[in-house]
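Enquirer: Dropping the structure in here first, questions after.
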Amino acid sequence: MLPFLFAALTIDAVGRAAQEMIEEVRRQFREIPGLREGEEGVVPDSARCVAISTKASLKEMVIPGALAVVVPLVFGFISVNALGGFLAGALVTGFCLAIFMANAGGAWDNAKKYIETGALGGKGSESHKAAVVGDTVGDPFKDTSGPAMNILIKVMTIVSLVFASAFVG
């Protein structure tokens with residue numbers, strides 16, 4: 001269950017961070033004269049956008065990161081056998097989930113690019129609109145949650161190994 005919860009939390013985190021970035025871009029278009037019109041010499045505050053992204057990436061990973069550390073500790077202090085089963089289950093499901101997310105995210109991205117070449121009605125078509133929605137889900141799949149499964153599995157196993165003597169003793 002933990003890999004699925006972890007994936008849900010990381011996808012949700014991407015959505016919240018993206019929404020915050022959208023609000024900042026909208027604010028800049030409203031408040032910086034000439035930015036919307038693309039006037040020469042008018043520069044957006046890109047440092048603010050980078051700061052939003054950096055802050056969100058750190059803040060949003062607190063809960064998923066804490067889960068990766070705390071859950072193996074809880075299982076380990078309950079039962080070493082339970083911890084072994086938990087780690088085996090998390091490894092198998094996490095690996096499968098990571099492969100699925102990487103492939104599905106890439107497929108959604110490639111489908112949108114294919115339609116943008118003119119296939120299935122090209123840009124502006126209903127197919128393109130659907131592909132953009134799919135790519136919106138696919139990007140966090142292939143760029144965030146899928147790759148983070150590897151880190152989740154590694155953190156859980158390292159925490160388990162570091163505390164192994166405490167679990168047995």
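Labels for the structure tokens follow display order: chains A, B, ..., residues from 1 in each chain, ligands from 1.
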Neighbouring residues of segment 139-142 of chain A were defined as those with any atom within 6 Å, considering only C-alpha atoms; residues of the same chain fewer than 6 positions away were excluded. Please report them as a list in words.
Expert: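 So, after excluding close chain neighbours, the residues are Ile11, Met101, Ala102 and Gly105 of chain A.
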Enquirer: So which residues touch Gly76 of chain A within 12 Å, counting only C-alpha atoms, skipping near sequence neighbours fewer than 6 positions away, as a ChimeraX atom specification?
Expert: /A:69-70,82-87,156-157,159-169
Enquirer: How far is it from atom CA of Ala148 of chain A to atom CA of Phe95 of chain A, in Å with one decimal?
Expert: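 Separation between atom CA of Ala148 of chain A and atom CA of Phe95 of chain A: 10.6 Å.
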Enquirer: Taking the DSSP assignment computed from this structure's backbone, write out as a ChimeraX atom specification all residues of chain A that belong to helix (DSSP H, G or I).
Expert: /A:2-31,46-59,62-78,80-116,119-121,126-162,164-168
Enquirer: Please dump the current selection as a tab-separated table (two decimals), in the first residue's frame; keep C-alpha atoms.
Expert:
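In the end it all went to selection_6.tsv:
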chain	number	residue	atom	x	y	z
A	2	LEU	CA	2.81	2.45	0.83
A	3	PRO	CA	4.10	2.83	-2.75
A	4	PHE	CA	0.57	3.74	-3.90
A	5	LEU	CA	0.11	6.23	-1.07
A	6	PHE	CA	3.56	7.67	-1.80
A	7	ALA	CA	2.69	8.02	-5.51
A	8	ALA	CA	-0.59	9.74	-4.66
A	9	LEU	CA	1.14	12.18	-2.31
A	10	THR	CA	3.85	13.07	-4.84
A	11	ILE	CA	1.36	13.56	-7.69
A	12	ASP	CA	-0.77	15.75	-5.44
A	13	ALA	CA	2.34	17.72	-4.46
A	14	VAL	CA	3.12	18.42	-8.12
A	15	GLY	CA	-0.41	19.72	-8.60
A	16	ARG	CA	-0.20	22.06	-5.62
A	17	ALA	CA	3.21	23.39	-6.67
A	18	ALA	CA	2.00	23.92	-10.24
A	19	GLN	CA	-1.05	25.82	-9.01
A	20	GLU	CA	1.16	28.09	-6.91
A	21	MET	CA	3.35	28.74	-9.96
A	22	ILE	CA	0.29	29.53	-12.10
A	23	GLU	CA	-0.90	32.07	-9.54
A	24	GLU	CA	2.53	33.76	-9.55
A	25	VAL	CA	2.65	33.96	-13.35
A	26	ARG	CA	-0.86	35.42	-13.43
A	27	ARG	CA	0.16	37.96	-10.78
A	28	GLN	CA	3.17	39.00	-12.83
A	29	PHE	CA	1.06	39.41	-15.98
A	30	ARG	CA	-1.35	41.62	-14.00
A	31	GLU	CA	1.21	43.73	-12.16
A	46	SER	CA	11.86	34.45	-12.91
A	47	ALA	CA	13.78	34.29	-9.63
A	48	ARG	CA	10.46	34.36	-7.78
A	49	CYS	CA	9.22	31.41	-9.85
A	50	VAL	CA	12.40	29.45	-9.13
A	51	ALA	CA	12.00	30.23	-5.42
A	52	ILE	CA	8.40	28.97	-5.49
A	53	SER	CA	9.48	25.75	-7.19
A	54	THR	CA	12.37	25.19	-4.79
A	55	LYS	CA	10.30	25.90	-1.68
A	56	ALA	CA	7.45	23.69	-2.87
A	57	SER	CA	9.76	20.80	-3.76
A	58	LEU	CA	11.18	20.78	-0.23
A	59	LYS	CA	7.93	21.43	1.64
A	62	VAL	CA	8.14	16.23	4.09
A	63	ILE	CA	5.19	13.84	4.53
A	64	PRO	CA	6.22	11.32	1.84
A	65	GLY	CA	9.79	11.37	3.16
A	66	ALA	CA	8.64	10.92	6.74
A	67	LEU	CA	6.51	7.95	5.70
A	68	ALA	CA	9.53	6.31	4.06
A	69	VAL	CA	11.41	6.55	7.37
A	70	VAL	CA	8.67	6.02	9.97
A	71	VAL	CA	6.72	3.10	8.47
A	72	PRO	CA	9.68	0.66	8.39
A	73	LEU	CA	10.51	1.65	11.97
A	74	VAL	CA	6.96	0.90	13.11
A	75	PHE	CA	6.95	-2.49	11.36
A	76	GLY	CA	10.46	-3.29	12.64
A	77	PHE	CA	9.58	-2.67	16.27
A	78	ILE	CA	6.36	-4.70	15.91
A	80	VAL	CA	11.02	-8.43	12.15
A	81	ASN	CA	8.98	-10.89	10.08
A	82	ALA	CA	6.35	-8.21	9.44
A	83	LEU	CA	9.11	-5.83	8.37
A	84	GLY	CA	10.49	-8.42	5.96
A	85	GLY	CA	7.06	-8.97	4.44
A	86	PHE	CA	6.44	-5.25	4.25
A	87	LEU	CA	9.76	-4.59	2.49
A	88	ALA	CA	9.24	-7.46	0.06
A	89	GLY	CA	5.72	-6.27	-0.78
A	90	ALA	CA	6.82	-2.65	-1.11
A	91	LEU	CA	9.71	-3.68	-3.37
A	92	VAL	CA	7.52	-5.73	-5.71
A	93	THR	CA	4.65	-3.25	-5.90
A	94	GLY	CA	6.95	-0.21	-5.95
A	95	PHE	CA	8.99	-1.63	-8.82
A	96	CYS	CA	5.88	-2.50	-10.85
A	97	LEU	CA	4.35	0.90	-10.10
A	98	ALA	CA	7.55	2.71	-11.12
A	99	ILE	CA	7.73	0.86	-14.45
A	100	PHE	CA	4.02	1.47	-15.08
A	101	MET	CA	4.29	5.18	-14.29
A	102	ALA	CA	7.38	5.69	-16.44
A	103	ASN	CA	5.78	3.92	-19.40
A	104	ALA	CA	2.32	5.46	-19.02
A	105	GLY	CA	3.73	8.96	-18.55
A	106	GLY	CA	5.98	8.58	-21.58
A	107	ALA	CA	3.09	7.20	-23.65
A	108	TRP	CA	0.85	10.16	-22.76
A	109	ASP	CA	3.65	12.57	-23.61
A	110	ASN	CA	4.38	10.86	-26.93
A	111	ALA	CA	0.68	10.70	-27.81
A	112	LYS	CA	0.43	14.48	-27.43
A	113	LYS	CA	3.56	15.02	-29.54
A	114	TYR	CA	2.22	12.66	-32.21
A	115	ILE	CA	-1.07	14.53	-32.42
A	116	GLU	CA	0.82	17.85	-32.59
A	119	ALA	CA	-2.20	13.23	-36.80
A	120	LEU	CA	-5.75	12.67	-35.53
A	121	GLY	CA	-6.77	16.26	-36.23
A	126	GLU	CA	-10.63	17.16	-29.59
A	127	SER	CA	-7.90	14.53	-29.76
A	128	HIS	CA	-5.30	17.18	-28.94
A	129	LYS	CA	-7.34	18.48	-26.01
A	130	ALA	CA	-7.62	14.95	-24.62
A	131	ALA	CA	-3.90	14.37	-25.14
A	132	VAL	CA	-3.04	17.58	-23.26
A	133	VAL	CA	-5.13	16.36	-20.32
A	134	GLY	CA	-3.36	12.99	-20.49
A	135	ASP	CA	0.05	14.66	-20.63
A	136	THR	CA	-0.86	16.74	-17.58
A	137	VAL	CA	-1.17	13.49	-15.65
A	138	GLY	CA	1.70	11.84	-17.50
A	139	ASP	CA	4.33	14.42	-16.63
A	140	PRO	CA	4.20	13.83	-12.86
A	141	PHE	CA	4.02	10.10	-13.55
A	142	LYS	CA	7.24	9.99	-15.56
A	143	ASP	CA	9.10	12.90	-13.96
A	144	THR	CA	8.19	12.69	-10.26
A	145	SER	CA	6.32	9.71	-8.88
A	146	GLY	CA	7.85	7.00	-11.05
A	147	PRO	CA	11.49	7.93	-10.37
A	148	ALA	CA	10.71	8.61	-6.69
A	149	MET	CA	9.70	4.95	-6.22
A	150	ASN	CA	13.38	4.02	-6.46
A	151	ILE	CA	14.21	6.48	-3.68
A	152	LEU	CA	11.29	5.24	-1.56
A	153	ILE	CA	12.49	1.64	-1.77
A	154	LYS	CA	16.09	2.60	-1.03
A	155	VAL	CA	15.21	4.78	1.96
A	156	MET	CA	12.98	2.11	3.49
A	157	THR	CA	15.63	-0.60	3.12
A	158	ILE	CA	18.45	1.60	4.43
A	159	VAL	CA	16.39	2.65	7.46
A	160	SER	CA	15.59	-1.02	8.09
A	161	LEU	CA	19.25	-2.01	7.86
A	162	VAL	CA	20.45	0.82	10.09
A	164	ALA	CA	18.17	-3.89	12.36
A	165	SER	CA	20.09	-4.40	15.59
A	166	ALA	CA	17.46	-2.40	17.51
A	167	PHE	CA	14.66	-4.51	16.01
A	168	VAL	CA	16.31	-7.80	16.98
Enquirer: Quick one: pull the distance between atom CA of Pro33 of chain A and atom CA of Asp45 of chain A, Å, one decimal.
Expert: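 Answer for the atom CA of Pro33 of chain A to atom CA of Asp45 of chain A separation: 12.4 Å.
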